[in-house]
Amino acid sequence: MRILVVEDNDTTSQYLQKALQEQGYEVDLADNGQDGLFLALEHDYQLILLDRMLPKLDGLSVLSTLRNAGKQTPVLILSALDSVAERVKGLREGGDDYLVKPFALSELLIRIEILIKRKGNSSELSNKLQVADLQMDLLAHKVYRGLIEIQLQPKEFKLLRYLMEHAGQVISRSLLFEAVWDYHFDPQTNVIDVHVARLRKKVELDGHAPLLETVRGVGYRMVEKQ
Amino acid sequence: MLPYLKPFVAWVTEWWKNSRQASSVWRLTRLYTSLLLLVVGILLLLLYQLSVGQISRNQRSQMGELVQQQKLLAQELNQADFIKQFELQAAGSRQYILSFVTQEQVYGRLTSAPKYLRSCPSITRFPIWLDNYDEIRLISGCSQALPQGLLVIATDDESLFDLKTQFISASIIALLLALALGITTGLIFSHRVLKRINTFNSIAQRVESGEMTARVPVSAQGDEYDHMALHINTMLSRLEDSFHAITGVTDAIAHDLRTPLGHLRQQIEQGLMDAHKSGSPTDNLTEMLVKLDAILFTFTAMLELTRLEQKQQTTHFAAINLQVVINDAVDLIRPIVEDNHQSLRIVGKQNCIVQGDATLLFRAIYNLLENACKYAGQHTQIAIEITDNGFIISDTGPGIPDHEKDKVFQRLYRIEESRSIAGFGIGLPLVRAIIRLHDAQIALENNHPGLKVVVNFNSAEQ
């Protein structure tokens, strides 16, 4: 697993390198846009972490050149520019995700993992999701735990769907919020926790094994598919 | 002429009364026109009294004298002598038509006298037939009862009467002209003054809505308005300078500190990971991280607020259905509302479309709902109503005292009673900045009891 980090701030890039290496990734560093673009075109990376404000060639130009050259490597933009308009601009240029600096490392690691995994199983299209004895019928909009049907609100359905689609992965609160509500900001409260707690109450039935676990200080994880 | 005049006068008085609420310039115009009318009226009255009035007064007094004379003669002379002298008198007087009516005969210039003549000095107008001109003329006269018979004295004042009528109609025309002149000058005057005052107003509004660079145009006339404009422009420049100084400093602080604070966060996280590996306690580091995140959140919010207030956000507005955004926000807050034993309902199903940024509007609405939920207290009712041009969020909580209503929009301001509730005092300023960015207005009203937040969009469509 090889990741390219294009970041001009030494402290941040060193920190990213160390943190990513600890997670078992190989890391290449570039401290300006030109070198970054060169490396990205030369090698096949699993993921590129791209700063927006870079010397020589700015992040968005690197990104658009890369996409024009036909490289579909997932790109996660890291930027201090935090307005919605900037985020939209970044995603429109071909970015796969956008994280505002300063970010929590746990959030970054979660998003990296999701981007890399997405690349792997994007071909897997199915009308049914299943985790242990929890089944979701995407066409009929129905959820069953074993044989018992579970009644869910539309937003709860979306929440559960996202968690089931990413079973085995840790999902952060902000990722859940973005996936279910599709607005890009951090509500900064425990409101997502309250939603997950309600969902859990509905899904975790007596006599069935627990499926949804809380990863303290980070987010939630649905148990792996068997 | 009168029947046409009546509705016109009614219309003018109506308009006069209704324009009472109008601007001060209109009040001045009205005063000016009234004075003009008064002066013209007095002048006309004086003129009348000195011309037509004088002539008719002279006539009356001469007629009075004649009557008095005949009265005295009637007392002194017998019937025959009186009639003799009367006939002489009647024949000699060219200006006055004299007649004397006894039971047998009518002496003097008239062949008969009308019965309805009032006694002198009240004047009655009556028609006579003039043989030598072959026409009927209206003359004015009166009667005086004497022992010998009835004395009738009259004068041909038709030309004077015509003069009177002409004078009155000329006066009415003059007054109407004065009125028209007054109103026209007033209109032109007020239009000019209002135009300049409106320029001041529109500039003030633009500055109020965040366009700090707006300035009042100064003309080459160098009049009072230009002096005022210059003063206002200097004041605005000063304000803009200090505003930039303040925001510049805040921005610089927030921006410059964000990077080192970000690095600090990285180090704490690194420490946390190391601690996890070595199995040493992590509580301290976790607490540090939580506190640091709160600082970073405030910084980010402050920077964002400044950006929104200065309209730096280059958002691309699109048509947004408020109903969709409101439903999303309600979906997000509902579990918390239920945990607080509050009720939350959406009223009104209008399709209200506004030009805006969905995420920003969602934040504003969610923030307002969150506030209602947080500050209204348990077992209260919260309602969000979609109106024709915006929405209203109301709760039945304690509300906000009137003197605090403006202050709650200030940065970092918190009402004394609410300090125990967690918060940064940045939510409402952010909401207002978002609302203003959308060319909309936000107002806090009393819900009797509770708070009512009314938001109206200028771009709203159904």
# chains A, B, ... in the order shown; residues from 1 in each chain; ligands from 1
call {"tool": "interface_residues", "arguments": {"of": "chain A", "to": "chain B", "cutoff": "9 Å", "atoms": "only C-alpha atoms", "output": "PDB file with C-alpha atoms, in the first residue's frame"}}
result
ATOM      1  CA  THR A  11       6.121  19.453  10.323  1.00  0.00           C
ATOM      2  CA  THR A  12       2.865  18.246   8.824  1.00  0.00           C
ATOM      3  CA  TYR A  15       3.900  13.808  11.042  1.00  0.00           C
ATOM      4  CA  LEU A  16       1.784  12.339   8.248  1.00  0.00           C
ATOM      5  CA  ALA A  19       1.464   8.243  11.322  1.00  0.00           C
ATOM      6  CA  ALA A  80      -6.838  25.191   5.222  1.00  0.00           C
ATOM      7  CA  ASP A  82     -12.545  25.512   4.662  1.00  0.00           C
ATOM      8  CA  SER A  83     -15.469  27.195   2.969  1.00  0.00           C
ATOM      9  CA  VAL A  84     -18.106  25.155   1.191  1.00  0.00           C
ATOM     10  CA  ALA A  85     -17.287  26.865  -2.103  1.00  0.00           C
ATOM     11  CA  GLU A  86     -13.633  25.817  -1.846  1.00  0.00           C
ATOM     12  CA  LYS A 101      -6.805  21.543   8.266  1.00  0.00           C
ATOM     13  CA  PRO A 102      -6.275  21.200  11.148  1.00  0.00           C
ATOM     14  CA  PHE A 103      -7.733  17.716  11.027  1.00  0.00           C
ATOM     15  CA  ALA A 104      -7.930  14.850  13.481  1.00  0.00           C
ATOM     16  CA  LEU A 105      -5.578  12.044  12.523  1.00  0.00           C
ATOM     17  CA  SER A 106      -8.258   9.465  13.299  1.00  0.00           C
ATOM     18  CA  LYS A 155     -32.651   8.973   7.553  1.00  0.00           C
ATOM     19  CA  TRP A 181     -27.466  14.543   5.222  1.00  0.00           C
ATOM     20  CA  ASP A 182     -25.216  15.543   2.372  1.00  0.00           C
ATOM     21  CA  TYR A 183     -24.308  18.922   3.890  1.00  0.00           C
ATOM     22  CA  HIS A 184     -20.663  19.664   4.393  1.00  0.00           C
ATOM     23  CA  PHE A 185     -19.924  20.974   7.828  1.00  0.00           C
ATOM     24  CA  PRO A 187     -22.485  20.051  13.481  1.00  0.00           C
ATOM     25  CA  GLN A 188     -20.115  20.074  16.460  1.00  0.00           C
ATOM     26  CA  VAL A 191     -26.332  14.883  17.622  1.00  0.00           C
ATOM     27  CA  ILE A 192     -24.940  12.080  15.410  1.00  0.00           C
ATOM     28  CA  VAL A 194     -27.932  10.409  19.485  1.00  0.00           C
ATOM     29  CA  HIS A 195     -29.001   9.242  16.026  1.00  0.00           C
ATOM     30  CA  ARG A 198     -31.517   5.346  18.381  1.00  0.00           C
ATOM     31  CA  GLY A 217     -13.280   9.096  20.558  1.00  0.00           C
TER      32      GLY A 217
END
call {"tool": "select_by_dssp", "arguments": {"residues": "segment 226-430 of chain B", "states": "helix (DSSP H, G or I)", "output": "ChimeraX atom specification"}}
result
/B:226-278,283-309,322-339,358-376,402-404,407-409,416-418,427-430
call {"tool": "atom_distance", "arguments": {"atom1": "atom CA of Thr29 of chain B", "atom2": "atom CA of Val218 of chain B"}}
result
25.5 Å
call {"tool": "closest_residue", "arguments": {"among": "B:Leu46, B:Ala214, B:Ala74, B:Ile173", "to": "Thr199 of chain B", "atoms": "only C-alpha atoms"}}
result
B:Ala214
call {"tool": "residues_around", "arguments": {"residues": "Tyr144 of chain A", "least_positions_apart": "6", "cutoff": "9 Å", "atoms": "only C-alpha atoms", "output": "VMD selection string"}}
result
chain A and resid 133 to 137 150 to 151 203
call {"tool": "write_last_selection", "arguments": {"atoms": "N, CA, C and O atoms", "output": "PDB file, in the first residue's frame"}}
result
ATOM      1  N   ASP A 133     -26.947 -11.486  10.812  1.00  0.00           N
ATOM      2  CA  ASP A 133     -28.332 -11.784  10.453  1.00  0.00           C
ATOM      3  C   ASP A 133     -29.129 -10.510  10.160  1.00  0.00           C
ATOM      4  O   ASP A 133     -30.350 -10.502  10.173  1.00  0.00           O
ATOM      5  N   LEU A 134     -28.416  -9.428   9.920  1.00  0.00           N
ATOM      6  CA  LEU A 134     -29.084  -8.173   9.565  1.00  0.00           C
ATOM      7  C   LEU A 134     -29.097  -8.028   8.048  1.00  0.00           C
ATOM      8  O   LEU A 134     -28.049  -8.047   7.409  1.00  0.00           O
ATOM      9  N   GLN A 135     -30.314  -7.921   7.488  1.00  0.00           N
ATOM     10  CA  GLN A 135     -30.425  -7.827   6.033  1.00  0.00           C
ATOM     11  C   GLN A 135     -31.091  -6.524   5.621  1.00  0.00           C
ATOM     12  O   GLN A 135     -32.045  -6.081   6.257  1.00  0.00           O
ATOM     13  N   MET A 136     -30.583  -5.957   4.544  1.00  0.00           N
ATOM     14  CA  MET A 136     -31.207  -4.734   4.042  1.00  0.00           C
ATOM     15  C   MET A 136     -31.555  -4.936   2.574  1.00  0.00           C
ATOM     16  O   MET A 136     -30.694  -5.265   1.763  1.00  0.00           O
ATOM     17  N   ASP A 137     -32.847  -4.731   2.261  1.00  0.00           N
ATOM     18  CA  ASP A 137     -33.296  -4.826   0.877  1.00  0.00           C
ATOM     19  C   ASP A 137     -33.359  -3.404   0.322  1.00  0.00           C
ATOM     20  O   ASP A 137     -34.216  -2.609   0.721  1.00  0.00           O
ATOM     21  N   ILE A 150     -37.599  -4.637  10.739  1.00  0.00           N
ATOM     22  CA  ILE A 150     -37.330  -3.457  11.567  1.00  0.00           C
ATOM     23  C   ILE A 150     -37.820  -2.222  10.839  1.00  0.00           C
ATOM     24  O   ILE A 150     -37.486  -1.998   9.680  1.00  0.00           O
ATOM     25  N   GLN A 151     -38.654  -1.423  11.530  1.00  0.00           N
ATOM     26  CA  GLN A 151     -39.176  -0.190  10.930  1.00  0.00           C
ATOM     27  C   GLN A 151     -38.167   0.943  11.135  1.00  0.00           C
ATOM     28  O   GLN A 151     -37.792   1.241  12.255  1.00  0.00           O
ATOM     29  N   VAL A 203     -31.956  -1.769  16.051  1.00  0.00           N
ATOM     30  CA  VAL A 203     -31.334  -2.872  15.320  1.00  0.00           C
ATOM     31  C   VAL A 203     -30.872  -3.992  16.245  1.00  0.00           C
ATOM     32  O   VAL A 203     -30.967  -5.164  15.917  1.00  0.00           O
TER      33      VAL A 203
END
call {"tool": "closest_residue", "arguments": {"among": "B:Leu151, B:Leu37, B:Leu98, B:Val106", "to": "Lys71 of chain B", "atoms": "only C-alpha atoms"}}
result
B:Leu151
call {"tool": "select_by_dssp", "arguments": {"residues": "segment 195-436 of chain B", "states": "strand (DSSP E or B)", "output": "MDAnalysis selection string"}}
result
chainID B and resid 318:321 343:347 353:356 381:387 390:395
call {"tool": "closest_residue", "arguments": {"among": "B:Lys277, B:Lys452, B:Arg57, B:His191", "to": "Leu160 of chain B", "atoms": "only C-alpha atoms"}}
result
B:Arg57
call {"tool": "closest_residue", "arguments": {"among": "A:Val27, A:Val62, A:Leu211, A:Leu160", "to": "Ser13 of chain A", "atoms": "only C-alpha atoms"}}
result
A:Val27
call {"tool": "atom_distance", "arguments": {"atom1": "atom CA of Phe299 of chain B", "atom2": "atom CA of Tyr98 of chain A"}}
result
19.6 Å
call {"tool": "residues_around", "arguments": {"residues": "Met1 of chain A", "least_positions_apart": "4", "cutoff": "12 Å", "atoms": "only C-alpha atoms", "output": "list in words"}}
result
Leu20, Gln21, Gln23, Gly24, Tyr25, Glu26, Val27, Asp28, Asp44, Tyr45, Gln46, Leu47, Ile48, Ile112, Glu113, Ile116 and Lys117 of chain A
